[in-house]
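Enquirer: Mind looking over this structure? Questions follow.
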Amino acid sequence: MSPLLNNIKDPNVKRRHFDILAGARTSDLEEIDNALKEDVNSITTQDVGTGETALHITCRLGFLRATNDLLNAEGVDFAIADNSGADILDAAAEGGHPGIMDAVALAKYPHLLELRNE
């Protein structure tokens, strides 16, 4: 068999694509991690209907560990707004989860930690 044919994907084998938004909705850390490994830019993927990113979702639903994992991912964009105009910090405030609001605020404004320690 030609070496080129070895590189052709078998059409009968379905490749699973990881979904960062689905992972965010259920706080599935493995799904989120695999989605980021598969495509580092998935951190900015927005839901077609709501405009929410994975971070909007985890902040609103109160998933602290998933939120922290996403905040530590490469390429986080705090300026992305959902369809209602809410950015990630707004979503955290809307969710009413103080620990998440703190985590997002400190990730967005790291100098606040210095002020907090004074």
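A note on labels: chains of the structure tokens are A, B, ... as shown, every chain counts residues from 1, and ligands are counted from 1 in their shown order.
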So that I can check the surroundings of Leu29 of chain A, please list as a list in words every protein, DNA and RNA residue that reaches within 12 Å of it, counting only C-alpha atoms and ignoring chain neighbours fewer than 3 positions away.

Expert: Phe18, Asp19, Ile20, Leu21, Ala22, Gly23, Ala24, Arg25, Thr26, Ile32, Asp33, Asn34, Ala35, Leu36, Ala54, Thr58, Phe63, Leu64, Arg65, Ala66, Thr67, Asn68, Asp69 and Leu70 of chain A

Enquirer: Mind writing the picked residues with N, CA and C atoms as an mmCIF file, in the first residue's frame?

Expert:
data_model
loop_
_atom_site.group_PDB
_atom_site.id
_atom_site.type_symbol
_atom_site.label_atom_id
_atom_site.label_comp_id
_atom_site.auth_asym_id
_atom_site.auth_seq_id
_atom_site.Cartn_x
_atom_site.Cartn_y
_atom_site.Cartn_z
ATOM 1 N N PHE A 18 -14.744 17.235 20.469
ATOM 2 C CA PHE A 18 -15.078 17.676 21.818
ATOM 3 C C PHE A 18 -15.783 19.024 21.752
ATOM 4 N N ASP A 19 -16.700 19.226 22.651
ATOM 5 C CA ASP A 19 -17.545 20.417 22.639
ATOM 6 C C ASP A 19 -17.349 21.183 23.946
ATOM 7 N N ILE A 20 -16.643 22.293 23.860
ATOM 8 C CA ILE A 20 -16.341 23.070 25.054
ATOM 9 C C ILE A 20 -17.609 23.648 25.690
ATOM 10 N N LEU A 21 -18.591 24.011 24.874
ATOM 11 C CA LEU A 21 -19.823 24.578 25.422
ATOM 12 C C LEU A 21 -20.639 23.521 26.161
ATOM 13 N N ALA A 22 -20.695 22.315 25.615
ATOM 14 C CA ALA A 22 -21.396 21.221 26.304
ATOM 15 C C ALA A 22 -20.686 20.898 27.614
ATOM 16 N N GLY A 23 -19.359 20.886 27.590
ATOM 17 C CA GLY A 23 -18.592 20.646 28.808
ATOM 18 C C GLY A 23 -18.849 21.716 29.850
ATOM 19 N N ALA A 24 -18.958 22.948 29.407
ATOM 20 C CA ALA A 24 -19.213 24.058 30.333
ATOM 21 C C ALA A 24 -20.590 23.939 30.977
ATOM 22 N N ARG A 25 -21.579 23.516 30.206
ATOM 23 C CA ARG A 25 -22.952 23.415 30.726
ATOM 24 C C ARG A 25 -23.100 22.357 31.811
ATOM 25 N N THR A 26 -22.206 21.372 31.804
ATOM 26 C CA THR A 26 -22.297 20.285 32.784
ATOM 27 C C THR A 26 -21.091 20.242 33.718
ATOM 28 N N ILE A 32 -14.018 19.811 28.603
ATOM 29 C CA ILE A 32 -13.435 21.142 28.413
ATOM 30 C C ILE A 32 -11.953 21.024 28.056
ATOM 31 N N ASP A 33 -11.219 20.232 28.826
ATOM 32 C CA ASP A 33 -9.788 20.055 28.593
ATOM 33 C C ASP A 33 -9.519 19.459 27.214
ATOM 34 N N ASN A 34 -10.288 18.443 26.839
ATOM 35 C CA ASN A 34 -10.096 17.816 25.526
ATOM 36 C C ASN A 34 -10.436 18.767 24.393
ATOM 37 N N ALA A 35 -11.475 19.584 24.580
ATOM 38 C CA ALA A 35 -11.835 20.566 23.561
ATOM 39 C C ALA A 35 -10.706 21.576 23.367
ATOM 40 N N LEU A 36 -10.106 22.011 24.466
ATOM 41 C CA LEU A 36 -8.991 22.966 24.375
ATOM 42 C C LEU A 36 -7.757 22.334 23.754
ATOM 43 N N ALA A 54 -17.832 29.501 26.833
ATOM 44 C CA ALA A 54 -17.792 28.533 27.931
ATOM 45 C C ALA A 54 -17.654 29.257 29.271
ATOM 46 N N THR A 58 -20.044 28.845 32.602
ATOM 47 C CA THR A 58 -19.590 28.348 33.917
ATOM 48 C C THR A 58 -19.741 29.410 34.993
ATOM 49 N N PHE A 63 -20.036 27.164 38.404
ATOM 50 C CA PHE A 63 -19.072 26.063 38.374
ATOM 51 C C PHE A 63 -17.662 26.620 38.577
ATOM 52 N N LEU A 64 -17.248 26.731 39.836
ATOM 53 C CA LEU A 64 -15.983 27.391 40.177
ATOM 54 C C LEU A 64 -14.770 26.681 39.582
ATOM 55 N N ARG A 65 -14.698 25.367 39.723
ATOM 56 C CA ARG A 65 -13.513 24.656 39.225
ATOM 57 C C ARG A 65 -13.402 24.777 37.703
ATOM 58 N N ALA A 66 -14.518 24.620 36.995
ATOM 59 C CA ALA A 66 -14.504 24.759 35.538
ATOM 60 C C ALA A 66 -14.145 26.195 35.151
ATOM 61 N N THR A 67 -14.678 27.157 35.898
ATOM 62 C CA THR A 67 -14.351 28.557 35.632
ATOM 63 C C THR A 67 -12.858 28.800 35.804
ATOM 64 N N ASN A 68 -12.285 28.297 36.887
ATOM 65 C CA ASN A 68 -10.849 28.484 37.113
ATOM 66 C C ASN A 68 -10.017 27.822 36.018
ATOM 67 N N ASP A 69 -10.418 26.621 35.593
ATOM 68 C CA ASP A 69 -9.695 25.960 34.506
ATOM 69 C C ASP A 69 -9.743 26.793 33.230
ATOM 70 N N LEU A 70 -10.908 27.323 32.922
ATOM 71 C CA LEU A 70 -11.050 28.150 31.717
ATOM 72 C C LEU A 70 -10.285 29.466 31.843
#

Enquirer: At a cut-off of 8 Å, using only C-alpha atoms, what residues contact segment 99-109 of chain A? Leave out same-chain residues fewer than 2 positions from it and give the result as a PyMOL selection string.

Expert: chain A and resi 59+62-64+67-68+71+78+88-89+92-93+96-97+111-113

Enquirer: Produce a file of the selected residues containing N, CA and C atoms, as a PDB file, in the first residue's frame.

Expert:
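Output saved as part-v7.pdb:
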ATOM      1  N   CYS A  59     -19.532  30.666  34.630  1.00  0.00           N
ATOM      2  CA  CYS A  59     -19.700  31.755  35.600  1.00  0.00           C
ATOM      3  C   CYS A  59     -21.159  31.876  36.018  1.00  0.00           C
ATOM      4  N   GLY A  62     -22.265  28.860  38.149  1.00  0.00           N
ATOM      5  CA  GLY A  62     -21.597  28.703  39.434  1.00  0.00           C
ATOM      6  C   GLY A  62     -20.615  27.547  39.515  1.00  0.00           C
ATOM      7  N   PHE A  63     -20.036  27.164  38.404  1.00  0.00           N
ATOM      8  CA  PHE A  63     -19.072  26.063  38.374  1.00  0.00           C
ATOM      9  C   PHE A  63     -17.662  26.620  38.577  1.00  0.00           C
ATOM     10  N   LEU A  64     -17.248  26.731  39.836  1.00  0.00           N
ATOM     11  CA  LEU A  64     -15.983  27.391  40.177  1.00  0.00           C
ATOM     12  C   LEU A  64     -14.770  26.681  39.582  1.00  0.00           C
ATOM     13  N   THR A  67     -14.678  27.157  35.898  1.00  0.00           N
ATOM     14  CA  THR A  67     -14.351  28.557  35.632  1.00  0.00           C
ATOM     15  C   THR A  67     -12.858  28.800  35.804  1.00  0.00           C
ATOM     16  N   ASN A  68     -12.285  28.297  36.887  1.00  0.00           N
ATOM     17  CA  ASN A  68     -10.849  28.484  37.113  1.00  0.00           C
ATOM     18  C   ASN A  68     -10.017  27.822  36.018  1.00  0.00           C
ATOM     19  N   LEU A  71     -10.284  30.056  33.029  1.00  0.00           N
ATOM     20  CA  LEU A  71      -9.537  31.306  33.225  1.00  0.00           C
ATOM     21  C   LEU A  71      -8.036  31.111  33.022  1.00  0.00           C
ATOM     22  N   PHE A  78     -11.672  38.522  27.749  1.00  0.00           N
ATOM     23  CA  PHE A  78     -12.646  39.059  28.700  1.00  0.00           C
ATOM     24  C   PHE A  78     -13.631  40.026  28.033  1.00  0.00           C
ATOM     25  N   ILE A  88     -17.825  38.475  30.495  1.00  0.00           N
ATOM     26  CA  ILE A  88     -17.643  37.392  31.459  1.00  0.00           C
ATOM     27  C   ILE A  88     -17.862  37.876  32.894  1.00  0.00           C
ATOM     28  N   LEU A  89     -17.364  39.045  33.216  1.00  0.00           N
ATOM     29  CA  LEU A  89     -17.560  39.584  34.566  1.00  0.00           C
ATOM     30  C   LEU A  89     -19.041  39.852  34.835  1.00  0.00           C
ATOM     31  N   ALA A  92     -20.654  36.563  35.618  1.00  0.00           N
ATOM     32  CA  ALA A  92     -20.334  36.145  36.982  1.00  0.00           C
ATOM     33  C   ALA A  92     -21.218  36.874  37.982  1.00  0.00           C
ATOM     34  N   ALA A  93     -21.399  38.164  37.780  1.00  0.00           N
ATOM     35  CA  ALA A  93     -22.250  38.949  38.676  1.00  0.00           C
ATOM     36  C   ALA A  93     -23.705  38.512  38.551  1.00  0.00           C
ATOM     37  N   GLY A  96     -24.460  35.488  40.485  1.00  0.00           N
ATOM     38  CA  GLY A  96     -24.536  35.719  41.926  1.00  0.00           C
ATOM     39  C   GLY A  96     -23.667  34.798  42.755  1.00  0.00           C
ATOM     40  N   HIS A  97     -22.544  34.386  42.201  1.00  0.00           N
ATOM     41  CA  HIS A  97     -21.639  33.480  42.905  1.00  0.00           C
ATOM     42  C   HIS A  97     -20.378  34.261  43.288  1.00  0.00           C
ATOM     43  N   HIS A 111      -3.810  43.098  39.222  1.00  0.00           N
ATOM     44  CA  HIS A 111      -3.271  44.084  40.168  1.00  0.00           C
ATOM     45  C   HIS A 111      -4.161  44.230  41.404  1.00  0.00           C
ATOM     46  N   LEU A 112      -5.408  43.770  41.321  1.00  0.00           N
ATOM     47  CA  LEU A 112      -6.296  43.828  42.489  1.00  0.00           C
ATOM     48  C   LEU A 112      -5.767  42.985  43.638  1.00  0.00           C
ATOM     49  N   LEU A 113      -5.060  41.912  43.311  1.00  0.00           N
ATOM     50  CA  LEU A 113      -4.494  41.060  44.348  1.00  0.00           C
ATOM     51  C   LEU A 113      -3.486  41.838  45.197  1.00  0.00           C
TER      52      LEU A 113
END

Enquirer: Which is closer to Glu94 of chain A than all the others in A:Ile43, A:Leu61, A:Ala73, A:Ala79, using only C-alpha atoms?

Expert: A:Leu61

Enquirer: Give me, please, the distance in Å between atom CA of Glu114 of chain A and atom CA of Ala81 of chain A, quoted to one decimal.

Expert: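 Computing it gives 27.5 Å between the two atoms.
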
Enquirer: Pull the helix (DSSP H, G or I) assignments for chain A out of DSSP run on the backbone, and list those residues as JSON, numbers by chain.

Expert: {"A": [3, 4, 5, 6, 20, 21, 22, 23, 24, 25, 26, 29, 30, 31, 32, 33, 34, 35, 36, 37, 38, 40, 41, 42, 43, 44, 54, 55, 56, 57, 58, 59, 60, 61, 64, 65, 66, 67, 68, 69, 70, 71, 88, 89, 90, 91, 92, 93, 94, 95, 98, 99, 100, 101, 102, 103, 104, 105, 106, 107, 108, 111, 112, 113, 114, 115, 116]}

Enquirer: Between atom CA of Asn72 of chain A and atom CA of Val40 of chain A, what is the distance, to one decimal in Å?

Expert: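 Interatomic distance here is 12.1 Å.
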
Enquirer: Under the rule that only C-alpha atoms are counted, which of A:Arg60, A:Asp82, A:Asp77, A:Glu31 is the nearest residue to Thr44 of chain A?

Expert: A:Asp77

Enquirer: Return the single residue from A:Glu30, A:Asp47, A:Glu52, A:Glu74 that is closest to Asp90 of chain A, with distances computed using only C-alpha atoms.

Expert: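 Among the listed residues, A:Glu52 lies closest to Asp90 of chain A.
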
Enquirer: Mind pulling up the distance from atom CA of Ser42 of chain A to atom CA of Asp28 of chain A?

Expert: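 Between atom CA of Asp28 of chain A and atom CA of Ser42 of chain A the gap works out to 15.0 Å.
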